[in-house]
$ cat final.pdb   # PDB, C-alpha atoms, pLDDT in the B column
ATOM      1  CA  MET K   1      20.233  -1.381   4.961  1.00 58.00           C
ATOM      2  CA  ALA K   2      17.778   0.106   2.454  1.00 61.00           C
ATOM      3  CA  GLU K   3      20.078   3.049   1.733  1.00 65.00           C
ATOM      4  CA  LEU K   4      22.793   0.625   0.581  1.00 73.00           C
ATOM      5  CA  LEU K   5      20.656  -1.155  -2.027  1.00 70.00           C
ATOM      6  CA  ASP K   6      21.812   1.095  -4.874  1.00 72.00           C
ATOM      7  CA  LEU K   7      25.431   0.353  -3.973  1.00 74.00           C
ATOM      8  CA  VAL K   8      24.748  -3.385  -3.828  1.00 68.00           C
ATOM      9  CA  ALA K   9      23.004  -3.232  -7.217  1.00 72.00           C
ATOM     10  CA  ALA K  10      25.955  -1.392  -8.763  1.00 69.00           C
ATOM     11  CA  GLU K  11      28.514  -3.811  -7.340  1.00 66.00           C
ATOM     12  CA  LEU K  12      26.551  -6.859  -8.525  1.00 66.00           C
ATOM     13  CA  ASN K  13      25.734  -5.284 -11.888  1.00 67.00           C
ATOM     14  CA  VAL K  14      22.009  -5.871 -11.431  1.00 72.00           C
ATOM     15  CA  LYS K  15      19.124  -3.567 -12.256  1.00 69.00           C
ATOM     16  CA  GLU K  16      17.397  -3.503  -8.881  1.00 72.00           C
ATOM     17  CA  VAL K  17      17.739  -5.025  -5.406  1.00 73.00           C
ATOM     18  CA  GLY K  18      14.807  -5.447  -3.055  1.00 67.00           C
ATOM     19  CA  PHE K  19      13.587  -7.453  -0.089  1.00 68.00           C
ATOM     20  CA  ALA K  20      11.076 -10.265  -0.589  1.00 61.00           C
ATOM     21  CA  GLU K  21       8.358 -11.216   1.865  1.00 59.00           C
ATOM     22  CA  GLY K  22       9.360 -14.851   2.154  1.00 56.00           C
ATOM     23  CA  ASP K  23      10.257 -16.988  -0.844  1.00 58.00           C
ATOM     24  CA  SER K  24       6.777 -17.379  -2.305  1.00 57.00           C
ATOM     25  CA  GLY K  25       6.990 -17.023  -6.069  1.00 60.00           C
ATOM     26  CA  LEU K  26      10.744 -17.600  -6.058  1.00 65.00           C
ATOM     27  CA  VAL K  27      10.970 -21.310  -5.253  1.00 74.00           C
ATOM     28  CA  ALA K  28       8.700 -24.347  -5.316  1.00 79.00           C
ATOM     29  CA  TYR K  29       8.965 -27.171  -2.791  1.00 85.00           C
ATOM     30  CA  ARG K  30       8.454 -30.902  -3.076  1.00 90.00           C
ATOM     31  CA  LEU K  31       8.834 -33.680  -0.519  1.00 94.00           C
ATOM     32  CA  ALA K  32      11.077 -36.669  -1.184  1.00 95.00           C
ATOM     33  CA  PRO K  33      10.966 -39.912   0.845  1.00 95.00           C
ATOM     34  CA  ASN K  34      14.005 -41.354   2.567  1.00 94.00           C
ATOM     35  CA  PHE K  35      13.443 -45.088   2.070  1.00 92.00           C
ATOM     36  CA  ARG K  36      16.242 -46.073   4.451  1.00 92.00           C
ATOM     37  CA  ALA K  37      14.267 -44.515   7.280  1.00 93.00           C
ATOM     38  CA  LEU K  38      10.750 -45.280   6.046  1.00 95.00           C
ATOM     39  CA  GLY K  39      11.342 -48.973   5.285  1.00 92.00           C
ATOM     40  CA  PRO K  40      12.242 -50.199   8.785  1.00 93.00           C
ATOM     41  CA  ARG K  41       9.460 -48.120  10.350  1.00 93.00           C
ATOM     42  CA  PHE K  42       6.538 -48.726   7.988  1.00 94.00           C
ATOM     43  CA  GLY K  43       7.414 -52.046   6.368  1.00 93.00           C
ATOM     44  CA  ARG K  44       4.922 -52.895   3.606  1.00 93.00           C
ATOM     45  CA  ASP K  45       3.294 -49.464   4.010  1.00 94.00           C
ATOM     46  CA  ALA K  46       6.527 -47.651   3.165  1.00 95.00           C
ATOM     47  CA  GLN K  47       5.608 -47.469  -0.530  1.00 94.00           C
ATOM     48  CA  ALA K  48       2.247 -45.870   0.289  1.00 96.00           C
ATOM     49  CA  VAL K  49       3.922 -43.291   2.542  1.00 95.00           C
ATOM     50  CA  ALA K  50       6.538 -42.568  -0.134  1.00 95.00           C
ATOM     51  CA  ALA K  51       3.811 -42.098  -2.758  1.00 95.00           C
ATOM     52  CA  ALA K  52       1.937 -39.672  -0.489  1.00 95.00           C
ATOM     53  CA  LEU K  53       5.103 -37.634  -0.059  1.00 95.00           C
ATOM     54  CA  ARG K  54       5.859 -37.521  -3.775  1.00 93.00           C
ATOM     55  CA  GLN K  55       2.268 -36.567  -4.602  1.00 94.00           C
ATOM     56  CA  ALA K  56       1.941 -33.895  -1.919  1.00 93.00           C
ATOM     57  CA  PRO K  57       0.589 -30.650  -3.470  1.00 91.00           C
ATOM     58  CA  ALA K  58       3.052 -27.776  -3.800  1.00 85.00           C
ATOM     59  CA  GLU K  59       1.070 -25.732  -1.283  1.00 88.00           C
ATOM     60  CA  LEU K  60       1.310 -28.481   1.338  1.00 92.00           C
ATOM     61  CA  ALA K  61       5.016 -28.989   0.657  1.00 91.00           C
ATOM     62  CA  ALA K  62       5.603 -25.235   1.094  1.00 87.00           C
ATOM     63  CA  GLU K  63       3.695 -25.344   4.398  1.00 89.00           C
ATOM     64  CA  LEU K  64       5.618 -28.320   5.775  1.00 93.00           C
ATOM     65  CA  ALA K  65       9.095 -27.398   4.483  1.00 89.00           C
ATOM     66  CA  PRO K  66       9.954 -24.739   7.129  1.00 86.00           C
ATOM     67  CA  ARG K  67       8.818 -27.026   9.945  1.00 92.00           C
ATOM     68  CA  LEU K  68      10.843 -29.962   8.688  1.00 93.00           C
ATOM     69  CA  ARG K  69      13.902 -27.751   8.258  1.00 87.00           C
ATOM     70  CA  ALA K  70      13.436 -26.557  11.843  1.00 89.00           C
ATOM     71  CA  GLY K  71      13.599 -30.165  13.031  1.00 92.00           C
ATOM     72  CA  GLU K  72       9.879 -30.546  13.731  1.00 94.00           C
ATOM     73  CA  ARG K  73       7.746 -33.554  12.974  1.00 95.00           C
ATOM     74  CA  VAL K  74       4.761 -33.143  10.661  1.00 96.00           C
ATOM     75  CA  GLU K  75       1.558 -35.055   9.972  1.00 95.00           C
ATOM     76  CA  LEU K  76       0.645 -36.438   6.557  1.00 94.00           C
ATOM     77  CA  ALA K  77      -2.462 -38.278   5.386  1.00 94.00           C
ATOM     78  CA  VAL K  78      -1.627 -41.540   3.582  1.00 94.00           C
ATOM     79  CA  ASP K  79      -4.237 -43.481   1.609  1.00 93.00           C
ATOM     80  CA  GLY K  80      -4.866 -46.883   3.146  1.00 91.00           C
ATOM     81  CA  VAL K  81      -2.701 -46.097   6.169  1.00 91.00           C
ATOM     82  CA  GLY K  82      -4.194 -42.988   7.740  1.00 94.00           C
ATOM     83  CA  ALA K  83      -2.437 -40.023   9.310  1.00 93.00           C
ATOM     84  CA  VAL K  84       1.261 -40.606   9.960  1.00 95.00           C
ATOM     85  CA  GLU K  85       3.806 -38.452  11.720  1.00 95.00           C
ATOM     86  CA  LEU K  86       7.094 -37.932   9.912  1.00 96.00           C
ATOM     87  CA  GLY K  87      10.350 -36.248  10.874  1.00 95.00           C
ATOM     88  CA  PRO K  88      13.223 -34.589   8.993  1.00 94.00           C
ATOM     89  CA  GLU K  89      15.167 -37.853   8.959  1.00 95.00           C
ATOM     90  CA  GLU K  90      12.364 -39.480   6.948  1.00 96.00           C
ATOM     91  CA  VAL K  91      11.520 -36.646   4.557  1.00 95.00           C
ATOM     92  CA  ALA K  92      13.854 -34.584   2.379  1.00 93.00           C
ATOM     93  CA  VAL K  93      12.767 -31.094   1.362  1.00 90.00           C
ATOM     94  CA  VAL K  94      13.687 -30.374  -2.257  1.00 87.00           C
ATOM     95  CA  GLU K  95      13.767 -26.726  -3.296  1.00 79.00           C
ATOM     96  CA  GLU K  96      13.348 -25.934  -6.987  1.00 76.00           C
ATOM     97  CA  PRO K  97      13.652 -22.352  -8.291  1.00 68.00           C
ATOM     98  CA  VAL K  98      10.719 -21.033 -10.260  1.00 66.00           C
ATOM     99  CA  THR K  99      11.539 -20.785 -13.966  1.00 58.00           C
ATOM    100  CA  GLY K 100      13.680 -17.722 -14.649  1.00 61.00           C
ATOM    101  CA  TRP K 101      15.088 -17.449 -11.120  1.00 64.00           C
ATOM    102  CA  ARG K 102      18.274 -18.723  -9.492  1.00 68.00           C
ATOM    103  CA  VAL K 103      18.090 -19.067  -5.724  1.00 64.00           C
ATOM    104  CA  VAL K 104      20.938 -19.640  -3.260  1.00 68.00           C
ATOM    105  CA  ARG K 105      20.205 -20.247   0.421  1.00 66.00           C
ATOM    106  CA  ASP K 106      22.416 -19.855   3.497  1.00 66.00           C
ATOM    107  CA  GLY K 107      20.485 -20.894   6.580  1.00 64.00           C
ATOM    108  CA  ALA K 108      17.367 -18.759   6.854  1.00 63.00           C
ATOM    109  CA  THR K 109      18.648 -16.262   4.266  1.00 69.00           C
ATOM    110  CA  ALA K 110      17.980 -16.710   0.553  1.00 67.00           C
ATOM    111  CA  VAL K 111      19.242 -14.668  -2.400  1.00 72.00           C
ATOM    112  CA  ALA K 112      17.348 -14.863  -5.696  1.00 68.00           C
ATOM    113  CA  LEU K 113      18.395 -13.577  -9.116  1.00 71.00           C
ATOM    114  CA  ASP K 114      15.977 -13.015 -11.967  1.00 67.00           C
ATOM    115  CA  LEU K 115      17.947 -14.424 -14.903  1.00 67.00           C
ATOM    116  CA  GLU K 116      15.606 -13.227 -17.621  1.00 70.00           C
ATOM    117  CA  VAL K 117      17.429 -10.667 -19.789  1.00 73.00           C
ATOM    118  CA  SER K 118      15.142  -8.414 -21.809  1.00 79.00           C
ATOM    119  CA  PRO K 119      16.418  -6.675 -24.964  1.00 86.00           C
ATOM    120  CA  GLY K 120      16.589  -3.398 -23.027  1.00 87.00           C
ATOM    121  CA  LEU K 121      18.633  -4.924 -20.218  1.00 84.00           C
ATOM    122  CA  ARG K 122      20.957  -6.530 -22.749  1.00 88.00           C
ATOM    123  CA  LEU K 123      21.682  -3.163 -24.363  1.00 91.00           C
ATOM    124  CA  GLU K 124      22.224  -1.602 -20.951  1.00 89.00           C
ATOM    125  CA  GLY K 125      24.680  -4.354 -20.067  1.00 88.00           C
ATOM    126  CA  LEU K 126      26.614  -3.785 -23.287  1.00 92.00           C
ATOM    127  CA  ALA K 127      26.755  -0.058 -22.499  1.00 93.00           C
ATOM    128  CA  ARG K 128      28.177  -0.807 -19.044  1.00 91.00           C
ATOM    129  CA  ASP K 129      30.809  -3.088 -20.558  1.00 93.00           C
ATOM    130  CA  LEU K 130      31.689  -0.375 -23.052  1.00 95.00           C
ATOM    131  CA  VAL K 131      32.151   2.174 -20.268  1.00 95.00           C
ATOM    132  CA  ARG K 132      34.549  -0.198 -18.505  1.00 93.00           C
ATOM    133  CA  ALA K 133      36.519  -0.631 -21.739  1.00 95.00           C
ATOM    134  CA  VAL K 134      36.795   3.146 -22.199  1.00 96.00           C
ATOM    135  CA  GLN K 135      37.898   3.578 -18.576  1.00 95.00           C
ATOM    136  CA  ASP K 136      40.592   0.948 -19.102  1.00 95.00           C
ATOM    137  CA  LEU K 137      41.781   2.824 -22.195  1.00 95.00           C
ATOM    138  CA  ARG K 138      41.839   6.086 -20.244  1.00 95.00           C
ATOM    139  CA  LYS K 139      44.115   4.473 -17.667  1.00 94.00           C
ATOM    140  CA  ALA K 140      46.366   2.991 -20.338  1.00 94.00           C
ATOM    141  CA  ALA K 141      46.658   6.460 -21.874  1.00 93.00           C
ATOM    142  CA  GLY K 142      47.791   7.873 -18.532  1.00 93.00           C
ATOM    143  CA  LEU K 143      44.923  10.343 -18.250  1.00 94.00           C
ATOM    144  CA  GLU K 144      43.989  11.998 -14.985  1.00 91.00           C
ATOM    145  CA  VAL K 145      40.666  11.087 -13.396  1.00 90.00           C
ATOM    146  CA  ALA K 146      39.152  14.490 -14.208  1.00 92.00           C
ATOM    147  CA  ASP K 147      40.494  14.797 -17.768  1.00 93.00           C
ATOM    148  CA  ARG K 148      37.844  15.403 -20.400  1.00 94.00           C
ATOM    149  CA  ILE K 149      38.069  13.438 -23.625  1.00 95.00           C
ATOM    150  CA  GLU K 150      36.800  13.147 -27.144  1.00 95.00           C
ATOM    151  CA  LEU K 151      35.452   9.659 -27.725  1.00 96.00           C
ATOM    152  CA  ALA K 152      34.764   7.549 -30.776  1.00 96.00           C
ATOM    153  CA  VAL K 153      33.053   4.173 -30.875  1.00 96.00           C
ATOM    154  CA  LYS K 154      32.926   2.168 -34.085  1.00 95.00           C
ATOM    155  CA  ALA K 155      30.449  -0.667 -33.702  1.00 93.00           C
ATOM    156  CA  ASP K 156      27.783  -2.655 -35.497  1.00 93.00           C
ATOM    157  CA  GLY K 157      24.728  -4.622 -34.492  1.00 92.00           C
ATOM    158  CA  GLU K 158      23.658  -4.647 -30.859  1.00 92.00           C
ATOM    159  CA  ALA K 159      26.784  -2.806 -29.745  1.00 93.00           C
ATOM    160  CA  ALA K 160      25.839   0.112 -32.003  1.00 94.00           C
ATOM    161  CA  GLU K 161      22.275  -0.034 -30.652  1.00 94.00           C
ATOM    162  CA  ALA K 162      23.641   0.125 -27.106  1.00 94.00           C
ATOM    163  CA  VAL K 163      25.701   3.236 -27.950  1.00 95.00           C
ATOM    164  CA  ALA K 164      22.678   4.945 -29.467  1.00 95.00           C
ATOM    165  CA  ALA K 165      20.332   4.006 -26.630  1.00 95.00           C
ATOM    166  CA  HIS K 166      22.730   4.978 -23.836  1.00 95.00           C
ATOM    167  CA  ARG K 167      24.658   7.856 -25.387  1.00 95.00           C
ATOM    168  CA  ASP K 168      24.205  10.230 -22.438  1.00 95.00           C
ATOM    169  CA  TYR K 169      25.223   7.553 -19.940  1.00 95.00           C
ATOM    170  CA  LEU K 170      28.335   6.751 -21.968  1.00 96.00           C
ATOM    171  CA  LEU K 171      29.345  10.420 -22.230  1.00 96.00           C
ATOM    172  CA  GLY K 172      28.730  11.113 -18.555  1.00 95.00           C
ATOM    173  CA  GLU K 173      30.546   8.072 -17.162  1.00 95.00           C
ATOM    174  CA  THR K 174      33.652   8.553 -19.346  1.00 95.00           C
ATOM    175  CA  LEU K 175      33.797  12.397 -19.114  1.00 95.00           C
ATOM    176  CA  ALA K 176      33.519  12.620 -22.893  1.00 95.00           C
ATOM    177  CA  THR K 177      32.506  15.946 -24.434  1.00 95.00           C
ATOM    178  CA  SER K 178      31.733  14.443 -27.836  1.00 94.00           C
ATOM    179  CA  LEU K 179      31.011  11.046 -29.336  1.00 95.00           C
ATOM    180  CA  HIS K 180      32.057  10.150 -32.891  1.00 95.00           C
ATOM    181  CA  GLY K 181      31.405   7.119 -35.051  1.00 93.00           C
ATOM    182  CA  ALA K 182      35.068   6.751 -36.057  1.00 92.00           C
ATOM    183  CA  PRO K 183      38.506   7.924 -34.842  1.00 92.00           C
ATOM    184  CA  GLN K 184      39.246  11.596 -35.462  1.00 90.00           C
ATOM    185  CA  GLY K 185      43.012  11.483 -35.947  1.00 89.00           C
ATOM    186  CA  ASP K 186      45.807  10.965 -33.448  1.00 91.00           C
ATOM    187  CA  GLY K 187      44.793   9.515 -30.119  1.00 93.00           C
ATOM    188  CA  TYR K 188      44.563   6.255 -28.231  1.00 96.00           C
ATOM    189  CA  ASP K 189      42.557   3.361 -29.564  1.00 93.00           C
ATOM    190  CA  ALA K 190      41.783  -0.249 -28.779  1.00 95.00           C
ATOM    191  CA  ARG K 191      39.689  -3.104 -30.093  1.00 94.00           C
ATOM    192  CA  VAL K 192      37.526  -4.841 -27.531  1.00 94.00           C
ATOM    193  CA  HIS K 193      34.948  -7.613 -27.668  1.00 92.00           C
ATOM    194  CA  LEU K 194      31.543  -7.016 -26.113  1.00 89.00           C
ATOM    195  CA  ASP K 195      29.734 -10.328 -25.826  1.00 84.00           C
ATOM    196  CA  GLY K 196      31.474 -11.605 -28.948  1.00 87.00           C
ATOM    197  CA  GLN K 197      31.082  -8.376 -30.945  1.00 89.00           C
ATOM    198  CA  GLU K 198      34.236  -6.489 -31.924  1.00 93.00           C
ATOM    199  CA  VAL K 199      34.124  -2.786 -31.140  1.00 95.00           C
ATOM    200  CA  ARG K 200      36.797  -0.181 -31.825  1.00 96.00           C
ATOM    201  CA  ILE K 201      37.123   2.623 -29.297  1.00 96.00           C
ATOM    202  CA  TRP K 202      39.271   5.735 -29.622  1.00 96.00           C
ATOM    203  CA  LEU K 203      39.871   8.717 -27.402  1.00 96.00           C
ATOM    204  CA  ARG K 204      42.084  11.729 -26.909  1.00 94.00           C
ATOM    205  CA  PRO K 205      42.192  14.450 -24.282  1.00 94.00           C
ATOM    206  CA  VAL K 206      40.167  17.566 -25.053  1.00 90.00           C
ATOM    207  CA  ARG K 207      42.567  20.264 -26.151  1.00 72.00           C
ATOM    208  CA  GLU K 208      42.203  23.524 -24.307  1.00 56.00           C
ATOM    209  CA  GLN K 209      41.103  26.334 -26.545  1.00 42.00           C
ATOM    210  CA  PRO K 210      43.564  29.286 -26.705  1.00 39.00           C
ATOM    211  CA  ARG K 211      42.373  32.400 -24.906  1.00 40.00           C
TER
END

$ encode --input "final.pdb" --output "structure tokens"
Amino acid sequence: MAELLDLVAAELNVKEVGFAEGDSGLVAYRLAPNFRALGPRFGRDAQAVAAALRQAPAELAAELAPRLRAGERVELAVDGVGAVELGPEEVAVVEEPVTGWRVVRDGATAVALDLEVSPGLRLEGLARDLVRAVQDLRKAAGLEVADRIELAVKADGEAAEAVAAHRDYLLGETLATSLHGAPQGDGYDARVHLDGQEVRIWLRPVREQPR
């Protein structure tokens, strides 16, 4: 599986994929009372039990959550009542992602995405989008996969920063032998929008030099 992580990262357009030892640091747990089940069982003490559940420390909630999800009963200390045993039908486990993360769970498997986008990652993402736009223009121009091209990108703002920061990546991925700041004559061009920024791209096949 580890050897496929680079492929997974490329397909998902994420920087890095790794395995986590459990979900500590990714999600926080809290316990929520189910009054329909607690009321008939505890009567006037139901409110005290509910308060103990709501006030349970995050560490205790994280400890009890897997057991409750597995269908086990757990013990909880309740002020004025003592230790009570509760089951999954009486306690709901609420999972809340830690700030900056988005977590999706399927059974025992969880997938977490770090949603924080640094300035560097933003520029890298714009460069990836630009490569896709150039590849689309190559196809529209009817070029062969191995054809070398001259490339021009006319951009401002962050798009221009992305071109400057990832020039080598852009040249390598598009098989461009040169990169200009404006079209160089006849060729194929298009206007695309990268995250709301208009960018003009132009290309033409590299002409073979006469022998």

$ atom_distance --input "final.pdb" --atom1 "CA of Glu198 (chain K)" --atom2 "CA of Ala155 (chain K)"
7.2 Å

$ residues_around --input "final.pdb" --residues "Leu170 (chain K)" --least-positions-apart "5" --cutoff "12 Å" --atoms "only C-alpha atoms" --output "list in words"
Glu124, Gly125, Leu126, Ala127, Arg128, Asp129, Leu130, Val131, Arg132, Ala133, Val134, Gln135, Ile149, Glu150, Leu151, Ala152, Val153, Ala162, Val163, Ala164, Ala165, Leu175, Ala176, Thr177, Ser178 and Leu179 of chain K

$ residues_around --input "final.pdb" --residues "region 45-60 of chain K" --least-positions-apart "4" --cutoff "7 Å" --atoms "all atoms listed in the file" --output "PyMOL selection string"
chain K and resi 28-33+38-39+64+78

$ axis_aligned_box --input "final.pdb" --around "region 133-139 of chain K" --padding-each-side "4 Å" --output "lines of an AutoDock Vina configuration file"
center_x = 40.3
center_y = 2.7
center_z = -19.9
size_x = 15.6
size_y = 14.7
size_z = 12.5

$ resolve_selection --input "final.pdb" --expression "the PyMOL selection byres ((chain K and resi 199-206) around 8)" --output "PDB file with C-alpha atoms, in the coordinates of the input"
ATOM      1  CA  VAL K 134      36.795   3.146 -22.199  1.00 96.00           C
ATOM      2  CA  ARG K 138      41.839   6.086 -20.244  1.00 95.00           C
ATOM      3  CA  LEU K 143      44.923  10.343 -18.250  1.00 94.00           C
ATOM      4  CA  ASP K 147      40.494  14.797 -17.768  1.00 93.00           C
ATOM      5  CA  ARG K 148      37.844  15.403 -20.400  1.00 94.00           C
ATOM      6  CA  ILE K 149      38.069  13.438 -23.625  1.00 95.00           C
ATOM      7  CA  GLU K 150      36.800  13.147 -27.144  1.00 95.00           C
ATOM      8  CA  LEU K 151      35.452   9.659 -27.725  1.00 96.00           C
ATOM      9  CA  ALA K 152      34.764   7.549 -30.776  1.00 96.00           C
ATOM     10  CA  VAL K 153      33.053   4.173 -30.875  1.00 96.00           C
ATOM     11  CA  LYS K 154      32.926   2.168 -34.085  1.00 95.00           C
ATOM     12  CA  ALA K 155      30.449  -0.667 -33.702  1.00 93.00           C
ATOM     13  CA  ASP K 156      27.783  -2.655 -35.497  1.00 93.00           C
ATOM     14  CA  ALA K 159      26.784  -2.806 -29.745  1.00 93.00           C
ATOM     15  CA  THR K 177      32.506  15.946 -24.434  1.00 95.00           C
ATOM     16  CA  ALA K 182      35.068   6.751 -36.057  1.00 92.00           C
ATOM     17  CA  PRO K 183      38.506   7.924 -34.842  1.00 92.00           C
ATOM     18  CA  ASP K 186      45.807  10.965 -33.448  1.00 91.00           C
ATOM     19  CA  GLY K 187      44.793   9.515 -30.119  1.00 93.00           C
ATOM     20  CA  TYR K 188      44.563   6.255 -28.231  1.00 96.00           C
ATOM     21  CA  ASP K 189      42.557   3.361 -29.564  1.00 93.00           C
ATOM     22  CA  ALA K 190      41.783  -0.249 -28.779  1.00 95.00           C
ATOM     23  CA  ARG K 191      39.689  -3.104 -30.093  1.00 94.00           C
ATOM     24  CA  VAL K 192      37.526  -4.841 -27.531  1.00 94.00           C
ATOM     25  CA  HIS K 193      34.948  -7.613 -27.668  1.00 92.00           C
ATOM     26  CA  LEU K 194      31.543  -7.016 -26.113  1.00 89.00           C
ATOM     27  CA  GLN K 197      31.082  -8.376 -30.945  1.00 89.00           C
ATOM     28  CA  GLU K 198      34.236  -6.489 -31.924  1.00 93.00           C
ATOM     29  CA  ARG K 207      42.567  20.264 -26.151  1.00 72.00           C
ATOM     30  CA  GLU K 208      42.203  23.524 -24.307  1.00 56.00           C
TER      31      GLU K 208
END

$ atom_distance --input "final.pdb" --atom1 "CA of Ala70 (chain K)" --atom2 "CA of Val94 (chain K)"
14.6 Å

$ atom_distance --input "final.pdb" --atom1 "CA of Val111 (chain K)" --atom2 "CA of Pro66 (chain K)"
16.7 Å

$ residues_near_point --input "final.pdb" --point "(13.4, -32.6, 8.7)" --cutoff "9 Å" --atoms "all atoms listed in the file" --output "short mmCIF file (atom, residue, chain, number, x, y, z; two decimals) with C-alpha atoms, in the coordinates of the input"
data_model
loop_
_atom_site.label_atom_id
_atom_site.label_comp_id
_atom_site.auth_asym_id
_atom_site.auth_seq_id
_atom_site.Cartn_x
_atom_site.Cartn_y
_atom_site.Cartn_z
CA ALA K 65 9.10 -27.40 4.48
CA PRO K 66 9.95 -24.74 7.13
CA ARG K 67 8.82 -27.03 9.94
CA LEU K 68 10.84 -29.96 8.69
CA ARG K 69 13.90 -27.75 8.26
CA ALA K 70 13.44 -26.56 11.84
CA GLY K 71 13.60 -30.16 13.03
CA GLU K 72 9.88 -30.55 13.73
CA ARG K 73 7.75 -33.55 12.97
CA VAL K 74 4.76 -33.14 10.66
CA LEU K 86 7.09 -37.93 9.91
CA GLY K 87 10.35 -36.25 10.87
CA PRO K 88 13.22 -34.59 8.99
CA GLU K 89 15.17 -37.85 8.96
CA GLU K 90 12.36 -39.48 6.95
CA VAL K 91 11.52 -36.65 4.56
CA ALA K 92 13.85 -34.58 2.38
CA VAL K 93 12.77 -31.09 1.36
#

$ closest_residue --input "final.pdb" --among "K:Arg167, K:Lys139, K:Arg122, K:Arg44" --to "Val81 (chain K)" --atoms "all atoms listed in the file"
K:Arg44

$ decode --input "final.pdb" --residues "region 126-155 of chain K" --atoms "C-alpha atoms" --output "short mmCIF file (atom, residue, chain, number, x, y, z; two decimals), in the first residue's frame"
data_model
loop_
_atom_site.label_atom_id
_atom_site.label_comp_id
_atom_site.auth_asym_id
_atom_site.auth_seq_id
_atom_site.Cartn_x
_atom_site.Cartn_y
_atom_site.Cartn_z
CA LEU K 126 -2.36 27.38 -9.45
CA ALA K 127 0.65 25.90 -11.27
CA ARG K 128 -1.09 22.52 -11.46
CA ASP K 129 -4.23 24.15 -12.85
CA LEU K 130 -2.12 25.99 -15.40
CA VAL K 131 -0.49 22.75 -16.54
CA ARG K 132 -3.93 21.21 -17.08
CA ALA K 133 -4.97 24.25 -19.13
CA VAL K 134 -1.86 23.97 -21.32
CA GLN K 135 -2.45 20.23 -21.80
CA ASP K 136 -6.02 20.95 -22.88
CA LEU K 137 -4.72 23.50 -25.39
CA ARG K 138 -2.19 20.98 -26.70
CA LYS K 139 -5.01 18.53 -27.36
CA ALA K 140 -7.15 21.18 -29.03
CA ALA K 141 -4.19 22.00 -31.28
CA GLY K 142 -3.93 18.36 -32.32
CA LEU K 143 -0.38 17.92 -31.05
CA GLU K 144 1.16 14.53 -30.48
CA VAL K 145 1.94 13.49 -26.91
CA ALA K 146 5.70 13.81 -27.46
CA ASP K 147 5.65 17.09 -29.41
CA ARG K 148 7.81 19.83 -27.95
CA ILE K 149 6.37 23.32 -27.76
CA GLU K 150 7.15 26.94 -27.19
CA LEU K 151 4.95 28.30 -24.43
CA ALA K 152 3.83 31.74 -23.36
CA VAL K 153 1.86 32.65 -20.25
CA LYS K 154 0.57 36.17 -19.75
CA ALA K 155 -0.60 36.58 -16.17
#
